[in-house]
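J.: Pasting a structure here, questions to come.
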Amino acid sequence: MPKIEISYKDLCALVGKRIPLGELKENVLLQVKAEFEGAEKKGSDVRLRLSMADTNRPDLWSTEGIARVLRGHYGKGGMPRYTMKKSGVVVKTDLKVKKVRPYTVCAVVRGLKLTEEALAQSIQLQEKVAGTFGRGRRDVAIGIYDLSRIKSPIYFTAAKPDALSFVPLGFNDKLTLREILKQHQKGKEFGGLLAGASEYPVFVDSDDSVLSMPPVINSEHTGKVTTATRDVFIECSGFDLRRLKVALNVVALALADRGGQLESVDVFIEGKKLVAPDLEPKEAFVTLGYVNELSGLKLSAKELTSLLKKQQYDVQPKGASLRVTYVPYRQDIMHMRDVAEDAIIAYGLENLEPIMPKMPTRGSLLPMGRFTHRLEELLVGLGLQQFASYTLTNKHFLFDRMRVSHAPVAEIANAQSENWSCFRSWLLPSALEFLAANRHVDYPQKIFEVGDAVVLDESKDTKTRDVCKLVIAITDTSVSYEHIASLLDAFMKNLGLAYALKRSQHNSYIEGRTAEIIVGGASLGYIGEVHPEVLNNWGLEKPAVAMEIDAEKLFALMK
Amino acid sequence: MYRLTPEGKRYLEKGTPEVRLVAYVREKGPTDVKHIQREIEDVSVGLAWALRNKWVEMRGGDVTLVQMPEAYDVEDALRAVEKGKAPAALIQVLLKRNLIEDAKESMQTRARKSVRGDVGALTEELIKTGVWRDARLKPYNVEATGIMVYPGKRQPYFAFLRDVKQKLVELGFKEYAGPAVELEFWNFDALYQPQTHPARDWTSTYVMKSPVAGRLPDARIVSAVRTAHENGGKTGSTGWGYRWSEARAARLMPRAHDTAATPRLLVSGIDIPGKYFNVSRCYRPDVIDATHGVEFNQLGGIVADSNLNLRHLLGILKMFAVEIAGVERVKFVPSYFPFTEPSVEVIGYSDALGWVELGGAGIFRAELTEPLGISVPVIAWGMGIDRLAMFALDVKDIRYLFAQDLAWLRKRPVRGGI
């Protein structure tokens with residue numbers, strides 16, 4: 001969830017009311033699903049750090065957006081209204097961008113007098129919207145420019161990496177598009193999004209001045225917005241018009257809330273004109289019965305209307321329902337449920353009395369879980385210490401250190417660390433890893449784990465299967481096969497199972513001191529003295545004996 | 001004729017205490033007596049004889065090797081006695097050390113002999129013959145600590161999870177589970193999480209290198225989920241409004257949250273009314289530190305019944321906060337999950353911890369339940385079980401839940417349960 005920083009003073013000024021800090025933290029911020037993360041005094045102001053829980057509400061990720069909701073909360077509410085003029089600015093989209101970044105929507109805001117704080121908020125909002133809602137600028141990239149330096153019409157086109165150059169933000173010299181990706185920090189960060197493209201998207205104005213190369217970087221000449229900037233041009237580019245429109249509304253309206261005049265831009269995409277931003281209100285219907293059924297409340301139509309207005313809806317009765325209209329950036333409203341939730345939040349969860357549903361149900365554990373509990377009891381009774389380990393590991397531990405050849409396992413593609421890059425297929429490596437971490441602890445060490453491994457299984461829809469296994473390992477100054485064999489004997493006898501040991505061979509165990517554990521003709525696993533080379537591989541200095549069995553096969557045999 | 005006493009037999013098998021002691025010191029170097037006592041048996045007897053034989057000496061509290069024995073007379077003599085011979089030179093020593101006894105001696109005589117002076121061990125002979133009546137049983141240092149014993153024990157974190165499961169069963173919840181490697185379909189799509197959701201990105205969840213993709217469930221379910229995403233279908237929703245990709249949904253991933261198991265449960269059919277829970281190992285790429293692991297457990301589940309509403313949801317969350325987290329006061333705050341609406345987070349207060357986040361819940365969206373064939377309200381809930389475990393076990397580092405530290409596991413007292 002996006003984390004933002006806002007100014008307490010700035011927020012109160014935008015709401016038009018001095019909200020006591022305590023009240024803000026305890027209650028008011030809940031209206032925007034903001035989790036309070038901390039506050040620092042800064043002069044006469046307080047910086048508030050917030051974590052915004054609703055990843056589907058980019059309009060809330062700025063002081064302006066939060067203030068807009070709180071104005072509804074404290075004032076008469078209803079849908080916020082904006083007037084929009086025509087800017088006369090035209091953007092023409094070239095067919096060349098179709099493959100690399102097909103869409104853009106744009107807006108103009110005039111007459112701004114931004115404070116440092118307002119400017120910082122705008123930058124933070126762009127970052128969060130493009131970063132989270134736009135998935136790291138992939139779906140949505142945003143640029144804001146000094147309109148006075150741009151000559152309309154503006155062209156959204158694409159150019160070969162070496163064919164065009166401009167001075168990127170923060171630089172003094174012109175670089176080609178290719179050089180920007182290599183040399184500019186933003187180029188390194190976001191250049192991957194253009195990987196494989198033969199031409200890179202650019203905004204160029206009628207003076208052939210490059211505005212930017214989305215989604216990477218703006219130009220130093222036009223893309224630098226300061227407190228002195230009065231009129232701005234905003235563009236959002238990406239792949240999904242619906243999401244781009246939301247992002248444009250969010251960014252442009254935040255500036256309009258700072259006193260700017262919103263103006264439309266005509267965007268031509270494949271010859272078709274699209275007027276942006278789109279502020280046409282959206283509508284939905286909600287019934288009183290539905291809200292009361294969902295909330296467990298007994299609201300009247302009047303109460304519901306007032307709650308919805310607080311949440312920035314215009315409300316009109318329409319037959320048995322209420323027709324609500326709202327600002328179109330609320331793309332999160334998909335169902336009557338979403339409108340109902342807004343009303344409930346305005347009502348306040350703290351005003352809802354919890355009730356415990358009376359439900360005659362019977363609890364139960366999964367049969368395998370009940371069985372492993374029995375196994376664990378028995379193993380504890382045999383004097384073994386249970387240990388816990390991760391199911392993620394690596395092939396080096398699973399195979400190389402165990403002296404066994406590599407076999408296919410369930411592997412992760414984007415592991416951040418090689419240490420946790422695949423699922424374990426057996427548990428003995430986990431046991432030896434544990435012993436290796438405890439070389440200097442009192443001996444003897446007698447340990448066990450009952451836990452899951454993941455094995456490949458074509459017959460399953462997931463092509464894999466979780467298998468519950470049991471591992472026991474004992475290490476001491478002197479320990480031998482008979483120790484583990486007698487433990488196995490006690491274990492099996494106490495489960496009431498007849499078993500046989502069949503001389504066998506396994507590379508992790510010493511030849512001639514390894515057996516397979518057979519029950520009812522089926523092999524449950526291996527038992528033996530751990531091979532000295534395996535001990536060396538793990539840095540173990542004392543002999544160890546071990547056994548591992550398939551607990552699910554065991555369970556099946558006992559049924 | 002003589003024969004070996006039980007102690008004599010033992011010495012013959014294992015070596016005399018003095019030889020065992022010398023062997024130990026030779027391997028380990030000078031060692032504190034107390035430490036040796038934890039490692040091998042009969043140390044005080046062995047030390048007395050080894051000192052007398054000048055094999056070892058005490059240097060600053062440590063037993064230190066002087067020289068290895070040149071001969072093993074006592075062992076040789078015991079072996080001789082076992083073979084029916086009587087090595088004259090050592091008979092008295094062996095008798096005195098109670099390693100051999102006169103074969104013709106009656107039990108009575110032996111018992112009588114043993115009660116001359118103070119008696120250490122109360123033997124079977126003394127009890128059977130009644131000679132114990134004449135014996136003066138030497139008082140022991142009963143205030144001394146015995147030798148360290150490490151019992152078999154449960155791993156504390158696993159024991160905590162068991163307790164939680166048991167509690168949930170008592171509260172009427174049924175356990176369910178899903179696979180660790182899961183289809184994106186069940187982990188995300190069936191939970192109405194759009195394929196363009198930030199949480200589905202490469203950096204937020206793991207994806208599989210092999211196997212890469214699995215098999216989607218039957219076409220009816222797939223198509224219902226697809227339309228819910230694309231245009232809402234019959235759910236009364238507009239949907240997310242994008243083109244849903246079957247190939248994306250078929251990709252495999254290590255399960256990223258416990259709720260991945262829930263749509264499978266819903267499709268398989270649930271009891272109504274029904275209460276369910278699962279504890280699942282979940283996987284997410286993260287920088288590993290005191291509060292983050294790439295592998296962790298989540299506890300979650302559902303409650304389904306006709307006429308359930310938000311106030312019931314609050315009631316259930318409160319019950320969990322009280323029964324499982326053990327807090328007295330709770331607060332609810334609005335929250336967001338892509339698959340529930342409304343969504344609520346529960347914060348609990350305890351004197352020890354102050355206000356802490358305990359878990360979240362919500363009512364499953366219609367876009368989720370309708371395609372899976374469920375027509376009653378379903379409350380989905382989850383608790384930050386690893387965090388609760390850290391509180392309960394009083395560990396500050398999440399890695400200690402999977403502690404690789406045997407000494408710590410041995411030291412930890414057994415808990416009373418939740």
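As shown in the structure tokens, the chain order sets the letters A, B, ...; within each chain, residues go from 1, and ligands are also counted from 1 in the order they appear.
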Quick one: contact table of chain B to chain A, 6 Å max, nearest atom pair and distance in Å to one decimal per residue, counting only C-alpha atoms, chain and number order, as JSON lines?
T.:
```
{"residue": "B:Pro151", "atom": "CA", "partner": "A:Gly383", "partner_atom": "CA", "distance": 5.5}
{"residue": "B:Gly152", "atom": "CA", "partner": "A:Gly383", "partner_atom": "CA", "distance": 3.8}
{"residue": "B:Lys153", "atom": "CA", "partner": "A:Gln385", "partner_atom": "CA", "distance": 4.9}
{"residue": "B:Arg154", "atom": "CA", "partner": "A:Gln386", "partner_atom": "CA", "distance": 5.0}
{"residue": "B:Gln155", "atom": "CA", "partner": "A:Gln386", "partner_atom": "CA", "distance": 5.0}
{"residue": "B:Val169", "atom": "CA", "partner": "A:Gly363", "partner_atom": "CA", "distance": 4.2}
{"residue": "B:Gly172", "atom": "CA", "partner": "A:Gly363", "partner_atom": "CA", "distance": 3.8}
{"residue": "B:Phe173", "atom": "CA", "partner": "A:Gly363", "partner_atom": "CA", "distance": 4.2}
{"residue": "B:Lys174", "atom": "CA", "partner": "A:Gly363", "partner_atom": "CA", "distance": 4.6}
{"residue": "B:Glu175", "atom": "CA", "partner": "A:Leu365", "partner_atom": "CA", "distance": 5.0}
{"residue": "B:Glu182", "atom": "CA", "partner": "A:Thr462", "partner_atom": "CA", "distance": 5.9}
{"residue": "B:Pro198", "atom": "CA", "partner": "A:Arg135", "partner_atom": "CA", "distance": 5.5}
{"residue": "B:Val207", "atom": "CA", "partner": "A:Ala413", "partner_atom": "CA", "distance": 5.7}
{"residue": "B:Met208", "atom": "CA", "partner": "A:Ile412", "partner_atom": "CA", "distance": 4.4}
{"residue": "B:Lys209", "atom": "CA", "partner": "A:Ala413", "partner_atom": "CA", "distance": 4.2}
{"residue": "B:Ser210", "atom": "CA", "partner": "A:Glu411", "partner_atom": "CA", "distance": 5.3}
{"residue": "B:Gly214", "atom": "CA", "partner": "A:Thr462", "partner_atom": "CA", "distance": 4.8}
{"residue": "B:Arg215", "atom": "CA", "partner": "A:Asp461", "partner_atom": "CA", "distance": 4.7}
{"residue": "B:Ser237", "atom": "CA", "partner": "A:His335", "partner_atom": "CA", "distance": 4.5}
{"residue": "B:Thr238", "atom": "CA", "partner": "A:Met334", "partner_atom": "CA", "distance": 5.0}
{"residue": "B:Asn309", "atom": "CA", "partner": "A:Leu294", "partner_atom": "CA", "distance": 4.9}
{"residue": "B:Leu310", "atom": "CA", "partner": "A:Ser295", "partner_atom": "CA", "distance": 4.8}
{"residue": "B:Arg311", "atom": "CA", "partner": "A:Pro354", "partner_atom": "CA", "distance": 4.7}
{"residue": "B:His312", "atom": "CA", "partner": "A:Ile355", "partner_atom": "CA", "distance": 5.0}
{"residue": "B:Leu314", "atom": "CA", "partner": "A:Pro354", "partner_atom": "CA", "distance": 4.8}
{"residue": "B:Gly315", "atom": "CA", "partner": "A:Pro354", "partner_atom": "CA", "distance": 4.3}
{"residue": "B:Pro334", "atom": "CA", "partner": "A:Lys33", "partner_atom": "CA", "distance": 5.8}
{"residue": "B:Ser335", "atom": "CA", "partner": "A:Lys33", "partner_atom": "CA", "distance": 5.8}
{"residue": "B:Tyr336", "atom": "CA", "partner": "A:Asp54", "partner_atom": "CA", "distance": 5.0}
{"residue": "B:Pro342", "atom": "CA", "partner": "A:Glu341", "partner_atom": "CA", "distance": 5.3}
{"residue": "B:Phe402", "atom": "CA", "partner": "A:Ala388", "partner_atom": "CA", "distance": 5.1}
{"residue": "B:Gln404", "atom": "CA", "partner": "A:Phe434", "partner_atom": "CA", "distance": 5.7}
```
J.: Write out as a ChimeraX atom specification all residues of region 145-279 of chain A that DSSP puts in strand (DSSP E) for this structure's backbone.
T.: /A:145-146,154-159,165-166,175-176,200-204,210-213,217-218,232-238,261-269,272-276
J.: Write out as a PyMOL selection string the residues lying within 12 Å of His406 (chain A), counting only C-alpha atoms and excluding same-chain residues fewer than 2 positions away.
T.: chain A and resi 394-404+408-409+425
J.: Which value, in Å to one decimal, gives the distance between CA of Gly196 (chain A) and CA of Lys160 (chain A)?
T.: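 Straight-line distance from CA of Gly196 (chain A) to CA of Lys160 (chain A) works out to 12.2 Å.
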J.: Fewer than 5 positions away in the same chain doesn't count, so skip those; otherwise give me all residues within 6 Å of Glu548 (chain A), counting only C-alpha atoms, as a PyMOL selection string.
T.: chain A and resi 470-471+525-526
J.: Emit the selected residues as a PDB file, in the first residue's frame, including C-alpha atoms.
T.:
```pdb
ATOM      1  CA  LEU A 470       9.072 -37.285   8.905  1.00  0.00           C
ATOM      2  CA  VAL A 471      12.799 -37.003   9.527  1.00  0.00           C
ATOM      3  CA  GLY A 525      11.886 -44.399   3.164  1.00  0.00           C
ATOM      4  CA  TYR A 526      15.497 -44.913   4.169  1.00  0.00           C
TER       5      TYR A 526
END
```
J.: For the helix (DSSP H, G or I) assignment from backbone DSSP, which residues of region 321-412 of chain B qualify? Please present them as a ChimeraX atom specification.
T.: /B:321-323,366-369,385-393,398-402,406-411
J.: Near Glu7 (chain B), counting only C-alpha atoms, which residues have an atom at most 8 Å away, once you skip same-chain residues fewer than 3 positions from it, shown as a count of residues only?
T.: 5
